[in-house]
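Q: So here's run17.txt (compact mmCIF, N, CA and C atoms).
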# COMPACT_ATOMS: atom_id res chain seq x y z
N MET A 1 0.85 -1.18 0.00
CA MET A 1 0.00 0.00 0.00
C MET A 1 0.89 1.24 0.00
N PRO A 2 0.55 2.25 -0.81
CA PRO A 2 1.35 3.48 -0.81
C PRO A 2 1.22 4.20 0.53
N ASN A 3 2.08 5.18 0.76
CA ASN A 3 1.95 5.91 2.01
C ASN A 3 0.63 6.66 2.06
N LEU A 4 0.27 7.12 3.24
CA LEU A 4 -1.04 7.73 3.47
C LEU A 4 -1.34 8.88 2.53
N SER A 5 -0.42 9.82 2.39
CA SER A 5 -0.70 10.99 1.55
C SER A 5 -0.86 10.61 0.08
N GLU A 6 -0.08 9.63 -0.41
CA GLU A 6 -0.24 9.18 -1.79
C GLU A 6 -1.58 8.49 -1.99
N TRP A 7 -1.96 7.66 -1.04
CA TRP A 7 -3.22 6.92 -1.15
C TRP A 7 -4.41 7.87 -1.15
N VAL A 8 -4.40 8.83 -0.25
CA VAL A 8 -5.50 9.80 -0.19
C VAL A 8 -5.54 10.62 -1.48
N ALA A 9 -4.39 11.05 -1.95
CA ALA A 9 -4.33 11.85 -3.18
C ALA A 9 -4.91 11.08 -4.37
N ASP A 10 -4.72 9.79 -4.39
CA ASP A 10 -5.22 8.97 -5.49
C ASP A 10 -6.70 8.62 -5.36
N ASN A 11 -7.29 8.80 -4.17
CA ASN A 11 -8.63 8.30 -3.93
C ASN A 11 -9.68 9.35 -3.61
N ALA A 12 -9.32 10.58 -3.50
CA ALA A 12 -10.32 11.60 -3.18
C ALA A 12 -9.80 12.98 -3.56
N GLU A 13 -10.73 13.84 -3.89
CA GLU A 13 -10.36 15.21 -4.25
C GLU A 13 -9.85 15.98 -3.05
N GLU A 14 -10.53 15.85 -1.95
CA GLU A 14 -10.18 16.61 -0.75
C GLU A 14 -10.52 15.78 0.47
N ILE A 15 -9.54 15.57 1.33
CA ILE A 15 -9.73 14.78 2.54
C ILE A 15 -9.13 15.54 3.71
N LEU A 16 -9.86 15.61 4.82
CA LEU A 16 -9.30 16.16 6.05
C LEU A 16 -8.73 15.01 6.86
N LEU A 17 -7.49 15.13 7.29
CA LEU A 17 -6.84 14.10 8.07
C LEU A 17 -6.71 14.54 9.52
N ALA A 18 -6.70 13.59 10.43
CA ALA A 18 -6.50 13.86 11.85
C ALA A 18 -4.99 13.83 12.10
N ASP A 19 -4.41 15.00 12.33
CA ASP A 19 -2.96 15.10 12.52
C ASP A 19 -2.48 14.24 13.68
N GLY A 20 -1.41 13.52 13.43
CA GLY A 20 -0.79 12.72 14.47
C GLY A 20 -1.35 11.32 14.61
N PHE A 21 -2.35 10.98 13.82
CA PHE A 21 -2.97 9.66 13.94
C PHE A 21 -2.84 8.84 12.66
N GLU A 22 -1.77 9.06 11.93
CA GLU A 22 -1.56 8.37 10.65
C GLU A 22 -1.56 6.85 10.79
N GLU A 23 -1.00 6.35 11.87
CA GLU A 23 -0.93 4.89 12.07
C GLU A 23 -2.31 4.27 12.31
N ALA A 24 -3.30 5.09 12.64
CA ALA A 24 -4.65 4.58 12.89
C ALA A 24 -5.56 4.74 11.67
N PHE A 25 -5.05 5.31 10.59
CA PHE A 25 -5.84 5.54 9.38
C PHE A 25 -6.26 4.20 8.78
N MET A 26 -7.56 4.05 8.50
CA MET A 26 -8.10 2.80 7.95
C MET A 26 -8.42 2.92 6.47
N GLY A 27 -8.82 4.10 6.03
CA GLY A 27 -9.22 4.28 4.64
C GLY A 27 -10.26 5.39 4.55
N LEU A 28 -11.06 5.31 3.52
CA LEU A 28 -12.09 6.32 3.29
C LEU A 28 -13.47 5.71 3.56
N ALA A 29 -14.38 6.53 4.02
CA ALA A 29 -15.75 6.08 4.30
C ALA A 29 -16.73 7.00 3.60
N SER A 30 -17.82 6.42 3.15
CA SER A 30 -18.89 7.19 2.52
C SER A 30 -20.04 7.31 3.49
N ARG A 31 -20.73 8.44 3.42
CA ARG A 31 -21.89 8.67 4.29
C ARG A 31 -23.07 9.05 3.42
N PHE A 32 -24.23 8.54 3.75
CA PHE A 32 -25.44 8.87 3.02
C PHE A 32 -25.68 10.38 3.08
N GLY A 33 -25.98 10.95 1.93
CA GLY A 33 -26.29 12.37 1.86
C GLY A 33 -25.08 13.27 1.65
N PHE A 34 -23.88 12.69 1.62
CA PHE A 34 -22.66 13.46 1.43
C PHE A 34 -21.95 12.92 0.19
N GLU A 35 -21.55 13.80 -0.69
CA GLU A 35 -20.87 13.37 -1.91
C GLU A 35 -19.43 12.96 -1.66
N GLN A 36 -18.74 13.69 -0.83
CA GLN A 36 -17.31 13.49 -0.60
C GLN A 36 -17.07 12.45 0.49
N PRO A 37 -16.20 11.47 0.25
CA PRO A 37 -15.85 10.53 1.33
C PRO A 37 -15.02 11.24 2.40
N VAL A 38 -14.95 10.62 3.57
CA VAL A 38 -14.17 11.17 4.68
C VAL A 38 -13.15 10.14 5.14
N ALA A 39 -12.10 10.61 5.79
CA ALA A 39 -11.09 9.73 6.35
C ALA A 39 -11.69 8.96 7.52
N ALA A 40 -11.32 7.69 7.62
CA ALA A 40 -11.79 6.84 8.71
C ALA A 40 -10.59 6.32 9.50
N TYR A 41 -10.72 6.36 10.82
CA TYR A 41 -9.64 5.96 11.71
C TYR A 41 -10.13 4.91 12.70
N ASP A 42 -9.22 4.07 13.15
CA ASP A 42 -9.48 3.08 14.18
C ASP A 42 -9.41 3.78 15.54
N TYR A 43 -10.53 3.83 16.24
CA TYR A 43 -10.61 4.52 17.53
C TYR A 43 -9.59 3.98 18.53
N GLU A 44 -9.53 2.66 18.67
CA GLU A 44 -8.62 2.06 19.65
C GLU A 44 -7.16 2.37 19.34
N LYS A 45 -6.80 2.37 18.07
CA LYS A 45 -5.42 2.70 17.70
C LYS A 45 -5.12 4.16 18.03
N CYS A 46 -6.10 5.03 17.85
CA CYS A 46 -5.91 6.44 18.22
C CYS A 46 -5.64 6.58 19.71
N ILE A 47 -6.40 5.84 20.52
CA ILE A 47 -6.19 5.87 21.97
C ILE A 47 -4.80 5.34 22.30
N ASP A 48 -4.40 4.24 21.66
CA ASP A 48 -3.06 3.69 21.88
C ASP A 48 -1.97 4.69 21.55
N ILE A 49 -2.17 5.47 20.50
CA ILE A 49 -1.19 6.50 20.12
C ILE A 49 -1.05 7.53 21.23
N LEU A 50 -2.17 7.96 21.80
CA LEU A 50 -2.10 8.95 22.88
C LEU A 50 -1.42 8.38 24.12
N VAL A 51 -1.65 7.11 24.39
CA VAL A 51 -1.02 6.48 25.55
C VAL A 51 0.48 6.33 25.33
N THR A 52 0.88 5.81 24.18
CA THR A 52 2.32 5.56 23.95
C THR A 52 3.09 6.82 23.58
N ARG A 53 2.52 7.64 22.71
CA ARG A 53 3.25 8.83 22.25
C ARG A 53 3.24 9.94 23.28
N ASP A 54 2.08 10.15 23.92
CA ASP A 54 1.92 11.30 24.81
C ASP A 54 1.98 10.95 26.29
N GLY A 55 2.10 9.66 26.60
CA GLY A 55 2.25 9.25 28.00
C GLY A 55 0.98 9.38 28.83
N MET A 56 -0.17 9.43 28.20
CA MET A 56 -1.43 9.50 28.94
C MET A 56 -1.80 8.12 29.46
N ASP A 57 -2.54 8.08 30.58
CA ASP A 57 -3.11 6.79 30.96
C ASP A 57 -4.38 6.59 30.13
N LEU A 58 -4.96 5.41 30.19
CA LEU A 58 -6.09 5.07 29.33
C LEU A 58 -7.26 6.02 29.51
N GLU A 59 -7.61 6.32 30.74
CA GLU A 59 -8.75 7.21 31.00
C GLU A 59 -8.49 8.62 30.47
N GLU A 60 -7.30 9.15 30.69
CA GLU A 60 -6.93 10.47 30.16
C GLU A 60 -7.01 10.49 28.64
N ALA A 61 -6.48 9.45 28.02
CA ALA A 61 -6.45 9.39 26.55
C ALA A 61 -7.86 9.35 25.99
N GLU A 62 -8.74 8.55 26.57
CA GLU A 62 -10.12 8.47 26.09
C GLU A 62 -10.85 9.80 26.27
N GLU A 63 -10.68 10.42 27.44
CA GLU A 63 -11.34 11.70 27.70
C GLU A 63 -10.83 12.78 26.74
N TYR A 64 -9.51 12.86 26.59
CA TYR A 64 -8.91 13.85 25.69
C TYR A 64 -9.41 13.63 24.26
N PHE A 65 -9.34 12.38 23.80
CA PHE A 65 -9.71 12.07 22.43
C PHE A 65 -11.19 12.35 22.17
N ASP A 66 -12.04 11.90 23.06
CA ASP A 66 -13.48 12.11 22.88
C ASP A 66 -13.84 13.59 22.82
N PHE A 67 -13.23 14.39 23.67
CA PHE A 67 -13.56 15.81 23.71
C PHE A 67 -12.87 16.61 22.61
N ASN A 68 -11.56 16.41 22.45
CA ASN A 68 -10.76 17.26 21.57
C ASN A 68 -10.66 16.80 20.12
N VAL A 69 -10.85 15.53 19.88
CA VAL A 69 -10.73 15.03 18.51
C VAL A 69 -12.11 14.69 17.95
N ILE A 70 -12.80 13.76 18.59
CA ILE A 70 -14.14 13.41 18.11
C ILE A 70 -15.07 14.62 18.23
N GLY A 71 -14.91 15.39 19.27
CA GLY A 71 -15.78 16.54 19.51
C GLY A 71 -15.47 17.75 18.66
N ALA A 72 -14.47 17.66 17.80
CA ALA A 72 -14.07 18.80 16.97
C ALA A 72 -14.70 18.69 15.59
N TRP A 73 -15.91 19.19 15.44
CA TRP A 73 -16.60 19.21 14.14
C TRP A 73 -15.98 20.32 13.31
N VAL A 74 -15.44 19.95 12.14
CA VAL A 74 -14.83 20.94 11.26
C VAL A 74 -15.51 20.93 9.89
N GLY A 75 -16.76 20.57 9.89
CA GLY A 75 -17.53 20.58 8.65
C GLY A 75 -17.78 19.18 8.10
N GLU A 76 -18.32 19.14 6.90
CA GLU A 76 -18.73 17.89 6.29
C GLU A 76 -17.59 16.91 6.05
N LEU A 77 -16.37 17.39 6.04
CA LEU A 77 -15.22 16.51 5.80
C LEU A 77 -14.56 16.03 7.08
N THR A 78 -15.20 16.27 8.23
CA THR A 78 -14.66 15.81 9.51
C THR A 78 -14.46 14.30 9.46
N PRO A 79 -13.29 13.82 9.83
CA PRO A 79 -13.05 12.37 9.83
C PRO A 79 -13.99 11.63 10.78
N ILE A 80 -14.13 10.34 10.55
CA ILE A 80 -14.89 9.49 11.46
C ILE A 80 -13.95 8.54 12.16
N PHE A 81 -14.37 8.04 13.32
CA PHE A 81 -13.55 7.16 14.14
C PHE A 81 -14.38 5.93 14.46
N ILE A 82 -13.83 4.78 14.10
CA ILE A 82 -14.56 3.52 14.19
C ILE A 82 -14.04 2.70 15.35
N ALA A 83 -14.96 2.30 16.22
CA ALA A 83 -14.62 1.41 17.33
C ALA A 83 -14.92 -0.01 16.87
N LEU A 84 -13.90 -0.81 16.74
CA LEU A 84 -14.05 -2.19 16.30
C LEU A 84 -14.34 -3.07 17.51
N LYS A 85 -15.51 -3.61 17.57
CA LYS A 85 -15.91 -4.45 18.70
C LYS A 85 -15.49 -5.89 18.47
N GLY A 86 -15.17 -6.57 19.54
CA GLY A 86 -14.89 -7.99 19.48
C GLY A 86 -13.47 -8.35 19.06
N GLU A 87 -12.57 -7.40 19.03
CA GLU A 87 -11.19 -7.73 18.66
C GLU A 87 -10.35 -7.87 19.90
What does the file become when written as structure tokens?

A:
Amino acid sequence: MPNLSEWVADNAEEILLADGFEEAFMGLASRFGFEQPVAAYDYEKCIDILVTRDGMDLEEAEEYFDFNVIGAWVGELTPIFIALKGE
């Protein structure tokens, strides 16, 4: 697979990426009623990044991520975060 920026450039006109969470990038997602796909990220991997990279404990990382990342609506191209159950 090409690197993230090459892959996104080849697959969408305009994509908003969540800075610092490249390792959690899963691909592009489509939403009903929206023409442009959005970046999709693995929620658990994002939390792991905050724990390992930033030294947060699990509760801090979840609270920070839920409020500052998921809670940051930046328009129709806001990325989505997928919680994979059962893994």

Q: Got a sec: who's within 8 Å of Glu60 (chain A), counting all atoms listed in the file, leaving out chain neighbours fewer than 5 positions off, as a list in words?

A: Leu50, Val51, Phe65 and Asp66 of chain A

Q: So how far away is CA of Asp54 (chain A) from CA of Ala83 (chain A), in Å?

A: 20.7 Å

Q: Based on the backbone DSSP call, show me all residues of chain A assigned alpha helix (DSSP H), as a list in words.

A: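 Everything in chain A that counts as alpha helix (DSSP H) is Leu4, Ser5, Glu6, Trp7, Val8, Ala9, Asp10, Asn11, Tyr43, Glu44, Lys45, Cys46, Ile47, Asp48, Ile49, Leu50, Val51, Thr52, Arg53, Asp54, Leu58, Glu59, Glu60, Ala61, Glu62, Glu63 and Tyr64 of chain A.
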
Q: Take every atom of region 75-80 of chain A listed in the file, pad by 4 Å on each side, and give me the axis-aligned box centre and edge lengths in Å, one decimal, as lines of an AutoDock Vina configuration file.

A:
center_x = -15.9
center_y = 14.6
center_z = 9.0
size_x = 13.7
size_y = 20.0
size_z = 14.4

Q: Have a look at A:Leu16, A:Arg53, A:Glu6, A:Ser30 and name the one nearest to Pro79 (chain A); count only C-alpha atoms.

A: A:Leu16

Q: Rank A:Tyr64, A:Phe34, A:Trp73, A:Tyr41 by their smallest atom-to-atom distance to Leu17 (chain A), using only C-alpha atoms, and report the top residue only.

A: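 Looking only at the distances to Leu17 (chain A), the closest residue turns out to be A:Tyr41.
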
Q: Could you list, as a list of chain:residue names, every residue within 10 Å of Ala39 (chain A), counting only C-alpha atoms and ignoring same-chain residues fewer than 6 positions away?

A: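 The residues that qualify are A:Val8, A:Ala12, A:Glu14, A:Ile15, A:Leu16, A:Leu17, A:Ala18, A:Phe25, A:Met26, A:Gly27, A:Leu28, A:Ala29, A:Ser30, A:Leu77, A:Thr78, A:Pro79, A:Ile80, A:Phe81.
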
Q: What is the distance, in Å and to one decimal place, between atom C of Gln36 (chain A) and atom C of Gly20 (chain A)?

A: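 These atoms are spaced 21.2 Å apart.
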
Q: Measuring between only N, CA and C atoms, which one of A:Gly75, A:Leu58, A:Gly33, A:Leu84 shows the shortest distance to Lys45 (chain A)?

A: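 Selected residue with least distance to Lys45 (chain A): A:Leu84.
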
Q: A:Glu23, A:Ile82, A:Phe67, A:Glu62: which is nearest Ile47 (chain A), counting all atoms listed in the file?

A: A:Glu62

Q: Can you tell me how far atom N of Ile70 (chain A) sits from atom N of Gly55 (chain A), in Å to one decimal?

A: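 Between atom N of Ile70 (chain A) and atom N of Gly55 (chain A) the gap works out to 17.4 Å.
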